[in-house]
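So this one's structure32.cif, mmCIF, C-alpha atoms:
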```cif
data_protein
loop_
_atom_site.label_atom_id
_atom_site.label_comp_id
_atom_site.auth_asym_id
_atom_site.auth_seq_id
_atom_site.Cartn_x
_atom_site.Cartn_y
_atom_site.Cartn_z
CA MET A 1 12.51 30.68 -2.92
CA THR A 2 15.05 27.96 -2.22
CA ARG A 3 14.56 26.26 1.11
CA THR A 4 17.56 25.88 3.38
CA ALA A 5 18.80 22.40 4.23
CA ARG A 6 17.52 22.94 7.77
CA GLY A 7 14.13 23.99 6.45
CA ASN A 8 13.92 20.90 4.26
CA ARG A 9 14.73 18.70 7.24
CA THR A 10 12.02 20.38 9.28
CA ARG A 11 9.47 19.87 6.52
CA GLN A 12 10.47 16.21 6.15
CA ASP A 13 10.28 15.71 9.92
CA ILE A 14 6.71 17.00 9.88
CA LEU A 15 5.76 14.83 6.91
CA GLY A 16 7.37 11.75 8.46
CA ALA A 17 5.56 12.24 11.77
CA ALA A 18 2.27 12.87 10.01
CA ALA A 19 2.62 9.81 7.78
CA ASP A 20 3.30 7.60 10.81
CA LEU A 21 0.37 9.02 12.80
CA PHE A 22 -2.00 8.72 9.84
CA HIS A 23 -0.91 5.12 9.41
CA LYS A 24 -1.28 4.40 13.13
CA GLN A 25 -4.56 6.11 13.95
CA GLY A 26 -5.98 7.63 10.77
CA VAL A 27 -6.36 11.22 9.63
CA VAL A 28 -9.48 12.09 11.61
CA ALA A 29 -7.91 11.16 14.95
CA THR A 30 -4.68 13.05 14.20
CA SER A 31 -4.50 16.73 15.05
CA PRO A 32 -1.91 19.27 13.88
CA ASP A 33 -0.79 19.58 17.51
CA GLN A 34 -0.06 15.84 17.63
CA VAL A 35 2.00 16.10 14.45
CA ILE A 36 3.87 19.11 15.83
CA GLU A 37 4.66 17.25 19.05
CA ALA A 38 5.68 14.04 17.31
CA SER A 39 7.94 15.88 14.87
CA GLY A 40 9.56 18.04 17.53
CA THR A 41 8.79 21.19 15.58
CA GLY A 42 6.86 24.37 16.34
CA LYS A 43 3.43 25.58 15.36
CA GLY A 44 4.93 28.40 13.34
CA GLN A 45 7.07 25.94 11.40
CA PHE A 46 4.09 23.67 10.77
CA TYR A 47 1.92 26.42 9.32
CA HIS A 48 4.82 27.84 7.36
CA TYR A 49 4.96 24.65 5.29
CA PHE A 50 1.33 23.50 5.46
CA LYS A 51 -1.63 25.87 5.35
CA ASN A 52 -4.01 23.34 6.83
CA LYS A 53 -4.51 19.67 7.63
CA GLU A 54 -5.86 18.88 4.16
CA GLY A 55 -2.67 20.26 2.64
CA LEU A 56 -0.64 18.06 4.97
CA VAL A 57 -2.60 14.94 3.96
CA HIS A 58 -2.11 15.86 0.31
CA GLU A 59 1.67 16.10 0.78
CA VAL A 60 1.83 12.82 2.71
CA LEU A 61 -0.04 11.05 -0.09
CA ARG A 62 2.18 12.68 -2.68
CA GLY A 63 5.14 11.26 -0.74
CA HIS A 64 3.64 7.77 -0.92
CA LEU A 65 3.12 8.19 -4.66
CA GLU A 66 6.68 9.35 -5.29
CA ALA A 67 8.05 6.44 -3.25
CA ILE A 68 6.06 3.95 -5.32
CA ARG A 69 7.25 5.54 -8.55
CA ASP A 70 10.93 5.86 -7.67
CA GLY A 71 11.25 2.52 -5.88
CA SER A 72 11.96 3.91 -2.41
CA SER A 73 8.76 2.47 -0.90
CA PRO A 74 9.18 -0.31 1.70
CA ILE A 75 7.20 -2.50 -0.71
CA SER A 76 8.57 -3.11 -4.21
CA TYR A 77 6.05 -2.44 -6.96
CA GLU A 78 8.32 -3.60 -9.78
CA ILE A 79 6.85 -6.91 -10.86
CA ALA A 80 8.51 -8.92 -13.61
CA SER A 81 7.62 -12.49 -12.62
CA TRP A 82 5.09 -14.57 -10.72
CA ASP A 83 7.55 -14.75 -7.84
CA ASP A 84 7.75 -10.94 -7.81
CA LEU A 85 3.95 -10.78 -7.67
CA GLU A 86 3.85 -13.18 -4.75
CA ARG A 87 6.58 -11.20 -2.99
CA TRP A 88 4.49 -8.06 -3.49
CA PHE A 89 1.56 -9.69 -1.70
CA VAL A 90 3.72 -11.13 1.08
CA ALA A 91 5.44 -7.77 1.63
CA HIS A 92 2.11 -6.25 2.64
CA LEU A 93 1.70 -8.97 5.24
CA GLY A 94 5.24 -8.33 6.43
CA LEU A 95 4.38 -4.66 6.87
CA GLN A 96 1.41 -5.55 9.04
CA LYS A 97 3.39 -8.03 11.11
CA ARG A 98 5.96 -5.33 11.77
CA PHE A 99 3.21 -3.51 13.69
CA ASP A 100 1.71 -6.66 15.28
CA MET A 101 -1.26 -6.51 12.90
CA THR A 102 -2.42 -3.18 14.39
CA ARG A 103 -2.08 -1.25 11.12
CA GLY A 104 -3.27 -1.67 7.55
CA CYS A 105 -1.96 -0.17 4.32
CA PRO A 106 -0.55 3.36 4.89
CA PHE A 107 -2.60 4.98 2.15
CA GLY A 108 -5.43 2.46 2.38
CA THR A 109 -5.97 3.59 5.98
CA ILE A 110 -6.45 7.15 4.76
CA GLY A 111 -8.77 5.89 2.03
CA ASN A 112 -11.03 4.23 4.59
CA GLU A 113 -11.88 7.67 5.98
CA VAL A 114 -12.55 9.52 2.73
CA THR A 115 -15.95 11.25 2.58
CA GLU A 116 -17.73 13.06 -0.24
CA ARG A 117 -16.20 16.32 1.01
CA ASP A 118 -12.63 15.08 0.61
CA GLU A 119 -12.36 15.44 -3.15
CA LEU A 120 -8.68 16.41 -3.27
CA ILE A 121 -7.69 13.51 -1.04
CA ARG A 122 -9.91 11.14 -3.03
CA GLN A 123 -8.15 12.20 -6.22
CA ASP A 124 -4.73 11.71 -4.61
CA LEU A 125 -5.68 8.21 -3.49
CA SER A 126 -7.23 7.37 -6.84
CA LEU A 127 -3.97 8.29 -8.55
CA ILE A 128 -1.93 6.15 -6.14
CA PHE A 129 -4.12 3.12 -6.72
CA GLU A 130 -4.06 3.72 -10.48
CA VAL A 131 -0.26 3.75 -10.47
CA VAL A 132 -0.15 0.56 -8.39
CA LYS A 133 -2.67 -1.07 -10.72
CA SER A 134 -0.71 -0.06 -13.82
CA LYS A 135 2.49 -1.58 -12.46
CA ILE A 136 0.75 -4.90 -11.81
CA ALA A 137 -1.15 -4.78 -15.11
CA LYS A 138 2.13 -4.27 -16.94
CA PHE A 139 3.23 -7.71 -15.77
CA PHE A 140 0.01 -9.35 -16.93
CA VAL A 141 0.23 -7.55 -20.28
CA LYS A 142 3.73 -8.94 -20.78
CA GLU A 143 2.64 -12.44 -19.83
CA LYS A 144 -0.29 -12.36 -22.23
CA ALA A 145 1.81 -10.90 -25.07
CA ASN A 146 4.22 -13.81 -24.62
CA GLY A 147 1.38 -16.33 -24.73
CA ARG A 148 1.65 -17.20 -21.05
CA LEU A 149 -1.89 -16.16 -20.08
CA THR A 150 -5.16 -17.70 -21.22
CA PRO A 151 -7.03 -15.76 -23.92
CA ASP A 152 -9.86 -14.84 -21.54
CA ALA A 153 -7.48 -13.10 -19.08
CA ARG A 154 -8.14 -9.38 -18.81
CA GLU A 155 -5.00 -7.69 -17.62
CA ASP A 156 -6.55 -4.57 -16.07
CA GLU A 157 -9.19 -6.61 -14.26
CA LEU A 158 -6.59 -8.98 -12.85
CA ALA A 159 -4.57 -6.01 -11.60
CA ASP A 160 -7.66 -4.48 -9.97
CA PHE A 161 -8.35 -7.86 -8.38
CA CYS A 162 -4.85 -7.94 -6.87
CA VAL A 163 -5.21 -4.48 -5.35
CA ALA A 164 -8.72 -5.13 -4.03
CA MET A 165 -7.77 -8.47 -2.46
CA ILE A 166 -4.72 -7.21 -0.59
CA GLN A 167 -6.49 -4.07 0.61
CA GLY A 168 -9.46 -6.07 1.89
CA ALA A 169 -7.23 -8.70 3.48
CA MET A 170 -5.15 -6.07 5.29
CA LEU A 171 -8.26 -4.35 6.60
CA LEU A 172 -9.69 -7.59 8.01
CA GLY A 173 -6.28 -8.64 9.30
CA LYS A 174 -6.05 -5.38 11.21
CA VAL A 175 -9.59 -5.66 12.58
CA LYS A 176 -9.12 -9.25 13.73
CA ARG A 177 -5.40 -8.88 14.63
CA ASP A 178 -4.93 -12.09 12.69
CA SER A 179 -2.14 -12.68 10.19
CA GLN A 180 -3.48 -16.09 9.15
CA LEU A 181 -6.46 -14.44 7.45
CA VAL A 182 -4.10 -12.39 5.29
CA GLU A 183 -1.87 -15.39 4.61
CA THR A 184 -4.85 -17.45 3.47
CA THR A 185 -6.11 -14.65 1.23
CA VAL A 186 -2.70 -14.24 -0.39
CA ARG A 187 -2.35 -17.98 -0.96
CA GLU A 188 -5.82 -18.34 -2.49
CA THR A 189 -5.43 -15.19 -4.56
CA MET A 190 -2.20 -16.51 -6.07
CA ARG A 191 -3.87 -19.85 -6.72
CA HIS A 192 -6.70 -18.10 -8.57
CA LEU A 193 -4.34 -15.89 -10.58
CA ARG A 194 -2.20 -18.83 -11.63
CA ASP A 195 -5.27 -20.46 -13.15
CA TYR A 196 -4.80 -17.90 -15.92
CA ALA A 197 -1.19 -18.97 -16.49
CA ARG A 198 -1.31 -20.79 -19.80
CA GLY A 199 0.56 -24.05 -19.81
CA ALA A 200 1.85 -23.61 -16.25
CA PRO A 201 2.49 -26.98 -14.57
CA ARG A 202 -0.04 -27.71 -11.87
CA ALA A 203 2.90 -28.36 -9.54
CA ALA A 204 3.73 -24.67 -9.81
CA VAL A 205 0.37 -23.91 -8.28
CA GLN A 206 0.68 -26.52 -5.58
CA ARG A 207 4.15 -25.39 -4.50
CA ARG A 208 2.83 -22.04 -3.24
CA ARG A 209 3.80 -22.88 0.32
CA ARG A 210 6.33 -20.20 1.18
CA ILE A 211 3.47 -18.36 2.85
CA PRO A 212 2.98 -19.94 6.30
CA THR A 213 -0.40 -21.60 6.67
CA ARG A 214 -0.68 -21.83 10.44
CA SER A 215 1.17 -18.86 11.90
CA ARG A 216 -1.07 -16.44 13.71
CA SER A 217 -0.39 -13.00 15.10
CA ARG A 218 -2.68 -11.59 17.75
CA ARG A 219 -2.35 -8.85 20.29
#
```
Have the structure of the file written as structure tokens, please.
Amino acid sequence: MTRTARGNRTRQDILGAAADLFHKQGVVATSPDQVIEASGTGKGQFYHYFKNKEGLVHEVLRGHLEAIRDGSSPISYEIASWDDLERWFVAHLGLQKRFDMTRGCPFGTIGNEVTERDELIRQDLSLIFEVVKSKIAKFFVKEKANGRLTPDAREDELADFCVAMIQGAMLLGKVKRDSQLVETTVRETMRHLRDYARGAPRAAVQRRRRIPTRSRSRR
């Protein structure tokens, strides 16, 4: 059955409100009633589109995945250069600063609450992180194929390292309400990654100063 334009807007309003609440306070603390109130919709409309809360979380995560794939995400995941990779890291910090360091990664926040009973959500998150990893790994594969990475560089492991470092940094930045911690992690992560850049001038490593070193954001 084809949804009406009004119905599509209602569904998107619910998904948008849910995504924001999940990002702000997590899934566990967010009730369907809160989503209904925040979206300005009705209970009947909510349950018409989503059978339960798990189904809503699944659709929110699917929305994050589609945004990463089609380039509509607030953070660009298309990485073709070292500068693009650094911008990818810095964009995560920018996202946190937008919320005064009170929030972490939108889907990472959901991942922090996953239990052994949340298999569908775990699979959704695993797919998101795999897609993110593959986009970063693609850059490292290209660099190594062109002889610009040292022979011991393992592209998949470097990509996993990037994801793990930014997720951990954002979590601690949120807990401590401190942007400097994230800035330092990004700077040192880039320094480590560039050690694998074959033949890169050392000055290229030392110039990584576009990330502020002393700014601090606290509530």
- prompt: What residues come out when you apply the PyMOL selection byres ((chain A and resi 65) around 12) to this file, written as a ChimeraX atom specification?
  reply: /A:58-64,66-73,77,106-107,124-132
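CA of Gln25 in chain A is found 22.4 Å from CA of Thr10 in chain A.
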- prompt: In Å, how far is it from CA of Gly16 in chain A to CA of Val175 in chain A?
  reply: 24.7 Å
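For the structure shown here, the set of residues caught by the PyMOL selection byres ((chain A and resi 151) around 12) is Phe140, Val141, Glu143, Lys144, Ala145, Asn146, Gly147, Arg148, Leu149, Thr150, Asp152, Ala153, Arg154, Glu155, Asp195, Tyr196, Ala197, Arg198 and Gly199 of chain A.
With distances restricted to only C-alpha atoms, A:Val57 is the closest residue to Gln123 in chain A from A:Phe139, A:Val57, A:Met170, A:Gln45.
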